file protein33.cif (mmCIF, C-alpha atoms; chains and numbers go by the auth columns)
data_my_file
loop_
_atom_site.group_PDB
_atom_site.id
_atom_site.type_symbol
_atom_site.label_atom_id
_atom_site.label_comp_id
_atom_site.label_asym_id
_atom_site.label_seq_id
_atom_site.Cartn_x
_atom_site.Cartn_y
_atom_site.Cartn_z
_atom_site.B_iso_or_equiv
_atom_site.auth_seq_id
_atom_site.auth_asym_id
ATOM 1 C CA MET A 1 15.361 -57.197 33.059 0.00 257 P
ATOM 2 C CA ALA A 2 11.958 -57.927 34.390 0.00 258 P
ATOM 3 C CA LYS A 3 9.124 -57.526 31.968 0.00 259 P
ATOM 4 C CA GLU A 4 7.048 -54.505 32.879 0.00 260 P
ATOM 5 C CA GLU A 5 3.405 -55.336 33.260 0.00 261 P
ATOM 6 C CA LYS A 6 0.698 -52.848 32.560 0.00 262 P
ATOM 7 C CA LYS A 7 -1.783 -52.722 35.416 0.00 263 P
ATOM 8 C CA GLU A 8 -5.248 -51.693 34.412 0.00 264 P
ATOM 9 C CA THR A 9 -7.321 -49.970 37.026 0.00 265 P
ATOM 10 C CA LYS A 10 -10.601 -51.720 37.630 0.00 266 P
ATOM 11 C CA ILE A 11 -13.566 -49.417 37.204 0.00 267 P
ATOM 12 C CA GLU A 12 -16.166 -49.842 39.939 0.00 268 P
ATOM 13 C CA ALA A 13 -19.889 -49.249 39.547 0.00 269 P
ATOM 14 C CA ILE A 14 -19.884 -46.756 42.430 0.00 270 P
ATOM 15 C CA ASP A 15 -17.539 -44.545 40.376 0.00 271 P
ATOM 16 C CA VAL A 16 -19.620 -44.896 37.216 0.00 272 P
ATOM 17 C CA LEU A 17 -23.152 -44.108 38.330 0.00 273 P
ATOM 18 C CA ASN A 18 -24.550 -40.838 39.676 0.00 274 P
ATOM 19 C CA TRP A 19 -25.133 -41.768 43.328 0.00 275 P
ATOM 20 C CA ASP A 20 -27.076 -38.614 44.218 0.00 276 P
ATOM 21 C CA TYR A 21 -29.491 -39.082 41.344 0.00 277 P
ATOM 22 C CA LEU A 22 -29.959 -42.790 42.099 0.00 278 P
ATOM 23 C CA ALA A 23 -30.692 -41.983 45.747 0.00 279 P
ATOM 24 C CA GLN A 24 -33.249 -39.402 44.586 0.00 280 P
ATOM 25 C CA ILE A 25 -35.154 -41.690 42.191 0.00 281 P
ATOM 26 C CA GLY A 26 -34.761 -45.047 43.941 0.00 282 P
ATOM 27 C CA GLU A 27 -38.011 -46.741 44.900 0.00 283 P
ATOM 28 C CA PHE A 28 -38.778 -50.153 46.341 0.00 284 P
ATOM 29 C CA LEU A 29 -41.233 -51.907 44.053 0.00 285 P
ATOM 30 C CA GLU A 30 -42.818 -55.268 44.680 0.00 286 P
ATOM 31 C CA PRO A 31 -41.934 -57.647 41.853 0.00 287 P
ATOM 32 C CA SER A 32 -45.592 -58.643 41.547 0.00 288 P
ATOM 33 C CA HIS A 33 -46.114 -57.173 38.102 0.00 289 P
ATOM 34 C CA GLU A 34 -44.198 -56.396 34.938 0.00 290 P
ATOM 35 C CA LEU A 35 -42.266 -53.186 35.351 0.00 291 P
ATOM 36 C CA THR A 36 -42.113 -50.387 32.842 0.00 292 P
ATOM 37 C CA ALA A 37 -38.625 -49.204 31.866 0.00 293 P
ATOM 38 C CA ALA A 38 -38.956 -46.213 34.219 0.00 294 P
ATOM 39 C CA GLU A 39 -40.069 -48.451 37.102 0.00 295 P
ATOM 40 C CA ALA A 40 -37.212 -50.873 36.450 0.00 296 P
ATOM 41 C CA ILE A 41 -34.742 -47.977 36.567 0.00 297 P
ATOM 42 C CA ARG A 42 -36.205 -46.767 39.892 0.00 298 P
ATOM 43 C CA ALA A 43 -36.089 -50.298 41.325 0.00 299 P
ATOM 44 C CA PHE A 44 -32.488 -50.719 40.164 0.00 300 P
ATOM 45 C CA ALA A 45 -31.581 -47.352 41.715 0.00 301 P
ATOM 46 C CA TYR A 46 -33.160 -48.374 45.029 0.00 302 P
ATOM 47 C CA SER A 47 -31.307 -51.689 45.098 0.00 303 P
ATOM 48 C CA PHE A 48 -28.028 -50.086 44.082 0.00 304 P
ATOM 49 C CA VAL A 49 -28.012 -47.420 46.802 0.00 305 P
ATOM 50 C CA SER A 50 -29.366 -49.846 49.407 0.00 306 P
ATOM 51 C CA THR A 51 -26.482 -52.264 48.946 0.00 307 P
ATOM 52 C CA ALA A 52 -23.412 -51.831 51.144 0.00 308 P
ATOM 53 C CA SER A 53 -21.087 -54.071 49.118 0.00 309 P
ATOM 54 C CA ASP A 54 -19.051 -52.660 46.239 0.00 310 P
ATOM 55 C CA GLU A 55 -18.802 -56.178 44.801 0.00 311 P
ATOM 56 C CA ALA A 56 -22.591 -56.519 44.836 0.00 312 P
ATOM 57 C CA ARG A 57 -22.987 -53.126 43.142 0.00 313 P
ATOM 58 C CA ASP A 58 -20.474 -54.114 40.468 0.00 314 P
ATOM 59 C CA ALA A 59 -22.392 -57.354 39.907 0.00 315 P
ATOM 60 C CA MET A 60 -25.731 -55.519 39.722 0.00 316 P
ATOM 61 C CA LEU A 61 -24.487 -53.099 37.071 0.00 317 P
ATOM 62 C CA ALA A 62 -22.749 -55.881 35.155 0.00 318 P
ATOM 63 C CA GLN A 63 -25.955 -57.959 35.151 0.00 319 P
ATOM 64 C CA ILE A 64 -28.163 -55.132 33.894 0.00 320 P
ATOM 65 C CA LEU A 65 -25.659 -54.435 31.111 0.00 321 P
ATOM 66 C CA LEU A 66 -25.072 -58.044 30.104 0.00 322 P
ATOM 67 C CA ASN A 67 -28.731 -59.064 30.249 0.00 323 P
ATOM 68 C CA ALA A 68 -29.729 -56.215 27.959 0.00 324 P
ATOM 69 C CA THR A 69 -26.905 -56.606 25.461 0.00 325 P
ATOM 70 C CA ARG A 70 -26.112 -60.310 25.289 0.00 326 P
ATOM 71 C CA TRP A 71 -27.702 -61.028 21.896 0.00 327 P
ATOM 72 C CA SER A 72 -27.466 -57.566 20.340 0.00 328 P
ATOM 73 C CA SER A 73 -25.073 -56.065 17.830 0.00 329 P
ATOM 74 C CA ALA A 74 -22.305 -53.707 18.917 0.00 330 P
ATOM 75 C CA GLU A 75 -24.314 -50.818 17.440 0.00 331 P
ATOM 76 C CA LYS A 76 -27.461 -51.683 19.421 0.00 332 P
ATOM 77 C CA ASN A 77 -25.356 -52.144 22.534 0.00 333 P
ATOM 78 C CA GLU A 78 -23.946 -48.645 22.071 0.00 334 P
ATOM 79 C CA GLU A 79 -27.512 -47.323 21.861 0.00 335 P
ATOM 80 C CA TYR A 80 -28.483 -49.137 25.052 0.00 336 P
ATOM 81 C CA ILE A 81 -25.429 -47.859 26.946 0.00 337 P
ATOM 82 C CA ALA A 82 -26.229 -44.298 25.844 0.00 338 P
ATOM 83 C CA TRP A 83 -29.882 -44.717 26.878 0.00 339 P
ATOM 84 C CA LEU A 84 -28.919 -46.126 30.282 0.00 340 P
ATOM 85 C CA ALA A 85 -26.433 -43.301 30.875 0.00 341 P
ATOM 86 C CA ARG A 86 -29.214 -40.777 30.128 0.00 342 P
ATOM 87 C CA MET A 87 -31.755 -42.577 32.320 0.00 343 P
ATOM 88 C CA LEU A 88 -29.312 -42.748 35.247 0.00 344 P
ATOM 89 C CA LYS A 89 -27.851 -39.278 34.577 0.00 345 P
ATOM 90 C CA SER A 90 -24.422 -40.855 34.588 0.00 346 P
ATOM 91 C CA ASP A 91 -21.236 -40.369 32.577 0.00 347 P
ATOM 92 C CA LEU A 92 -21.447 -42.147 29.220 0.00 348 P
ATOM 93 C CA GLY A 93 -17.690 -42.613 28.913 0.00 349 P
ATOM 94 C CA LEU A 94 -17.383 -44.250 32.322 0.00 350 P
ATOM 95 C CA LEU A 95 -20.435 -46.445 31.749 0.00 351 P
ATOM 96 C CA ARG A 96 -19.068 -47.484 28.365 0.00 352 P
ATOM 97 C CA SER A 97 -15.686 -48.342 29.920 0.00 353 P
ATOM 98 C CA PHE A 98 -17.373 -50.398 32.653 0.00 354 P
ATOM 99 C CA ALA A 99 -19.476 -52.180 30.030 0.00 355 P
ATOM 100 C CA LYS A 100 -16.356 -53.090 28.041 0.00 356 P
ATOM 101 C CA GLN A 101 -14.670 -54.262 31.230 0.00 357 P
ATOM 102 C CA VAL A 102 -17.488 -56.730 31.944 0.00 358 P
ATOM 103 C CA GLY A 103 -17.595 -58.027 28.378 0.00 359 P
ATOM 104 C CA VAL A 104 -20.266 -56.033 26.571 0.00 360 P
ATOM 105 C CA ARG A 105 -19.545 -55.993 22.857 0.00 361 P
ATOM 106 C CA LEU A 106 -19.113 -52.372 21.722 0.00 362 P
ATOM 107 C CA ARG A 107 -17.669 -50.601 18.705 0.00 363 P
ATOM 108 C CA ARG A 108 -13.988 -49.855 18.872 0.00 364 P
ATOM 109 C CA GLY A 109 -12.918 -46.444 19.965 0.00 365 P
#
call {"tool": "encode", "arguments": {"input": "protein33.cif", "output": "structure tokens"}}
result
Amino acid sequence: MAKEEKKETKIEAIDVLNWDYLAQIGEFLEPSHELTAAEAIRAFAYSFVSTASDEARDAMLAQILLNATRWSSAEKNEEYIAWLARMLKSDLGLLRSFAKQVGVRLRRG
């Protein structure tokens, strides 16, 4: 008998984030100054909806998650994921699953 393999479905950024909201808030900002958190979110939204490639979108979301959580505890990472979900008006569960998929350290459960 062949060993049955469990195939996990890859979660894509396009399915995680609230496209309509990102399109509404997205704004091109020149990187000539330090951005506030709100400006960085708007710039991310603009880049995300302006990109045609699903692979590029996945990489963008992975980078924003990994850059913000790399040296933090699982508890702080959970707080960041929750904050980002609120800021992007996106589903926390899906964002959390995507974060785990790309290697963000989170609490179990």
call {"tool": "residues_around", "arguments": {"input": "protein33.cif", "residues": "range 336-351 of chain P", "least_positions_apart": "5", "cutoff": "10 Å", "atoms": "only C-alpha atoms", "output": "mmCIF file with C-alpha atoms, keeping the file's coordinate frame"}}
result
data_model
loop_
_atom_site.group_PDB
_atom_site.id
_atom_site.type_symbol
_atom_site.label_atom_id
_atom_site.label_comp_id
_atom_site.auth_asym_id
_atom_site.auth_seq_id
_atom_site.Cartn_x
_atom_site.Cartn_y
_atom_site.Cartn_z
ATOM 1 C CA ILE P 267 -13.566 -49.417 37.204
ATOM 2 C CA GLU P 268 -16.166 -49.842 39.939
ATOM 3 C CA ALA P 269 -19.889 -49.249 39.547
ATOM 4 C CA ASP P 271 -17.539 -44.545 40.376
ATOM 5 C CA VAL P 272 -19.620 -44.896 37.216
ATOM 6 C CA LEU P 273 -23.152 -44.108 38.330
ATOM 7 C CA ASN P 274 -24.550 -40.838 39.676
ATOM 8 C CA TRP P 275 -25.133 -41.768 43.328
ATOM 9 C CA ASP P 276 -27.076 -38.614 44.218
ATOM 10 C CA TYR P 277 -29.491 -39.082 41.344
ATOM 11 C CA LEU P 278 -29.959 -42.790 42.099
ATOM 12 C CA ILE P 281 -35.154 -41.690 42.191
ATOM 13 C CA ALA P 293 -38.625 -49.204 31.866
ATOM 14 C CA ALA P 294 -38.956 -46.213 34.219
ATOM 15 C CA ILE P 297 -34.742 -47.977 36.567
ATOM 16 C CA ARG P 298 -36.205 -46.767 39.892
ATOM 17 C CA PHE P 300 -32.488 -50.719 40.164
ATOM 18 C CA ALA P 301 -31.581 -47.352 41.715
ATOM 19 C CA LEU P 317 -24.487 -53.099 37.071
ATOM 20 C CA ILE P 320 -28.163 -55.132 33.894
ATOM 21 C CA LEU P 321 -25.659 -54.435 31.111
ATOM 22 C CA ALA P 324 -29.729 -56.215 27.959
ATOM 23 C CA THR P 325 -26.905 -56.606 25.461
ATOM 24 C CA SER P 328 -27.466 -57.566 20.340
ATOM 25 C CA ALA P 330 -22.305 -53.707 18.917
ATOM 26 C CA GLU P 331 -24.314 -50.818 17.440
ATOM 27 C CA LYS P 356 -16.356 -53.090 28.041
ATOM 28 C CA GLN P 357 -14.670 -54.262 31.230
ATOM 29 C CA VAL P 360 -20.266 -56.033 26.571
ATOM 30 C CA LEU P 362 -19.113 -52.372 21.722
#
call {"tool": "closest_residue", "arguments": {"input": "protein33.cif", "among": "P:Thr307, P:Phe354, P:Thr292, P:Gly359", "to": "Asn323 in chain P", "atoms": "only C-alpha atoms"}}
result
P:Gly359
call {"tool": "closest_residue", "arguments": {"input": "protein33.cif", "among": "P:Ala355, P:Ala299, P:Ser309, P:Leu285", "to": "Leu322 in chain P", "atoms": "all atoms listed in the file"}}
result
P:Ala355
call {"tool": "resolve_selection", "arguments": {"input": "protein33.cif", "expression": "the PyMOL selection byres ((chain P and resi 286) around 12)", "output": "VMD selection string"}}
result
chain P and resid 283 to 285 287 to 291 295 to 296 298 to 299 302
call {"tool": "write_last_selection", "arguments": {"input": "protein33.cif", "atoms": "C-alpha atoms", "output": "tab-separated table (two decimals), keeping the file's coordinate frame"}}
result
chain	number	residue	atom	x	y	z
P	283	GLU	CA	-38.01	-46.74	44.90
P	284	PHE	CA	-38.78	-50.15	46.34
P	285	LEU	CA	-41.23	-51.91	44.05
P	287	PRO	CA	-41.93	-57.65	41.85
P	288	SER	CA	-45.59	-58.64	41.55
P	289	HIS	CA	-46.11	-57.17	38.10
P	290	GLU	CA	-44.20	-56.40	34.94
P	291	LEU	CA	-42.27	-53.19	35.35
P	295	GLU	CA	-40.07	-48.45	37.10
P	296	ALA	CA	-37.21	-50.87	36.45
P	298	ARG	CA	-36.20	-46.77	39.89
P	299	ALA	CA	-36.09	-50.30	41.32
P	302	TYR	CA	-33.16	-48.37	45.03
call {"tool": "atom_distance", "arguments": {"input": "protein33.cif", "atom1": "CA of Glu334 in chain P", "atom2": "CA of Val358 in chain P"}}
result
14.3 Å
call {"tool": "axis_aligned_box", "arguments": {"input": "protein33.cif", "around": "range 281-291 of chain P", "padding_each_side": "8 Å", "output": "AutoDock Vina command-line options"}}
result
--center_x -40.4 --center_y -50.2 --center_z 40.6 --size_x 27.4 --size_y 33.0 --size_z 27.4
call {"tool": "atom_distance", "arguments": {"input": "protein33.cif", "atom1": "CA of Val305 in chain P", "atom2": "CA of Lys266 in chain P"}}
result
20.1 Å
call {"tool": "closest_residue", "arguments": {"input": "protein33.cif", "among": "P:Ile270, P:Ala279, P:Arg363, P:Ser329", "to": "Met316 in chain P", "atoms": "only C-alpha atoms"}}
result
P:Ile270
call {"tool": "atom_distance", "arguments": {"input": "protein33.cif", "atom1": "CA of Arg361 in chain P", "atom2": "CA of Arg313 in chain P"}}
result
20.8 Å
call {"tool": "build_atoms", "arguments": {"input": "protein33.cif", "residues": "range 302-313 of chain P", "atoms": "all heavy atoms", "output": "compact mmCIF listing (two decimals), in the coordinates of the input"}}
result
# COMPACT_ATOMS: atom_id res chain seq x y z
N TYR P 302 -32.91 -48.06 43.62
CA TYR P 302 -33.16 -48.37 45.03
C TYR P 302 -32.23 -49.49 45.50
O TYR P 302 -31.58 -49.39 46.54
CB TYR P 302 -34.62 -48.78 45.23
CG TYR P 302 -34.92 -49.19 46.66
CD1 TYR P 302 -35.22 -48.23 47.62
CD2 TYR P 302 -34.87 -50.53 47.04
CE1 TYR P 302 -35.48 -48.61 48.94
CE2 TYR P 302 -35.13 -50.90 48.35
CZ TYR P 302 -35.43 -49.93 49.29
OH TYR P 302 -35.67 -50.31 50.59
N SER P 303 -32.16 -50.56 44.73
CA SER P 303 -31.31 -51.69 45.10
C SER P 303 -29.84 -51.29 45.14
O SER P 303 -29.11 -51.68 46.05
CB SER P 303 -31.49 -52.84 44.10
OG SER P 303 -32.79 -53.35 44.18
N PHE P 304 -29.43 -50.49 44.17
CA PHE P 304 -28.03 -50.09 44.08
C PHE P 304 -27.61 -49.27 45.30
O PHE P 304 -26.58 -49.55 45.92
CB PHE P 304 -27.81 -49.28 42.79
CG PHE P 304 -26.37 -49.02 42.48
CD1 PHE P 304 -25.62 -49.95 41.78
CD2 PHE P 304 -25.76 -47.84 42.87
CE1 PHE P 304 -24.28 -49.71 41.48
CE2 PHE P 304 -24.43 -47.59 42.58
CZ PHE P 304 -23.69 -48.52 41.88
N VAL P 305 -28.41 -48.27 45.66
CA VAL P 305 -28.01 -47.42 46.80
C VAL P 305 -28.27 -48.10 48.14
O VAL P 305 -27.72 -47.67 49.16
CB VAL P 305 -28.66 -46.02 46.76
CG1 VAL P 305 -28.26 -45.27 45.49
CG2 VAL P 305 -30.16 -46.08 46.90
N SER P 306 -29.07 -49.13 48.17
CA SER P 306 -29.37 -49.85 49.41
C SER P 306 -28.34 -50.94 49.71
O SER P 306 -28.39 -51.54 50.78
CB SER P 306 -30.76 -50.48 49.34
OG SER P 306 -31.73 -49.49 49.19
N THR P 307 -27.47 -51.20 48.79
CA THR P 307 -26.48 -52.26 48.95
C THR P 307 -25.18 -51.69 49.49
O THR P 307 -24.67 -50.71 48.97
CB THR P 307 -26.23 -52.94 47.57
OG1 THR P 307 -27.47 -53.44 47.10
CG2 THR P 307 -25.22 -54.04 47.66
N ALA P 308 -24.64 -52.32 50.51
CA ALA P 308 -23.41 -51.83 51.14
C ALA P 308 -22.15 -52.36 50.46
O ALA P 308 -21.09 -51.78 50.61
CB ALA P 308 -23.40 -52.21 52.62
N SER P 309 -22.25 -53.41 49.70
CA SER P 309 -21.09 -54.07 49.12
C SER P 309 -20.75 -53.53 47.73
O SER P 309 -21.60 -53.52 46.83
CB SER P 309 -21.37 -55.57 49.02
OG SER P 309 -20.44 -56.20 48.18
N ASP P 310 -19.50 -53.10 47.56
CA ASP P 310 -19.05 -52.66 46.24
C ASP P 310 -19.09 -53.81 45.24
O ASP P 310 -19.43 -53.61 44.07
CB ASP P 310 -17.63 -52.09 46.31
CG ASP P 310 -17.59 -50.70 46.94
OD1 ASP P 310 -18.63 -50.02 46.96
OD2 ASP P 310 -16.50 -50.31 47.40
N GLU P 311 -18.75 -55.01 45.69
CA GLU P 311 -18.80 -56.18 44.80
C GLU P 311 -20.22 -56.44 44.32
O GLU P 311 -20.44 -56.75 43.15
CB GLU P 311 -18.25 -57.41 45.51
CG GLU P 311 -16.75 -57.39 45.68
CD GLU P 311 -16.23 -58.60 46.44
OE1 GLU P 311 -17.04 -59.49 46.80
OE2 GLU P 311 -15.02 -58.65 46.66
N ALA P 312 -21.19 -56.31 45.22
CA ALA P 312 -22.59 -56.52 44.84
C ALA P 312 -23.04 -55.45 43.85
O ALA P 312 -23.74 -55.75 42.88
CB ALA P 312 -23.48 -56.52 46.07
N ARG P 313 -22.63 -54.21 44.08
CA ARG P 313 -22.99 -53.13 43.14
C ARG P 313 -22.38 -53.38 41.77
O ARG P 313 -23.04 -53.17 40.74
CB ARG P 313 -22.52 -51.78 43.68
CG ARG P 313 -23.35 -51.25 44.80
CD ARG P 313 -22.92 -49.80 45.11
NE ARG P 313 -23.37 -49.45 46.42
CZ ARG P 313 -22.59 -49.35 47.49
NH1 ARG P 313 -21.30 -49.52 47.40
NH2 ARG P 313 -23.10 -49.03 48.65
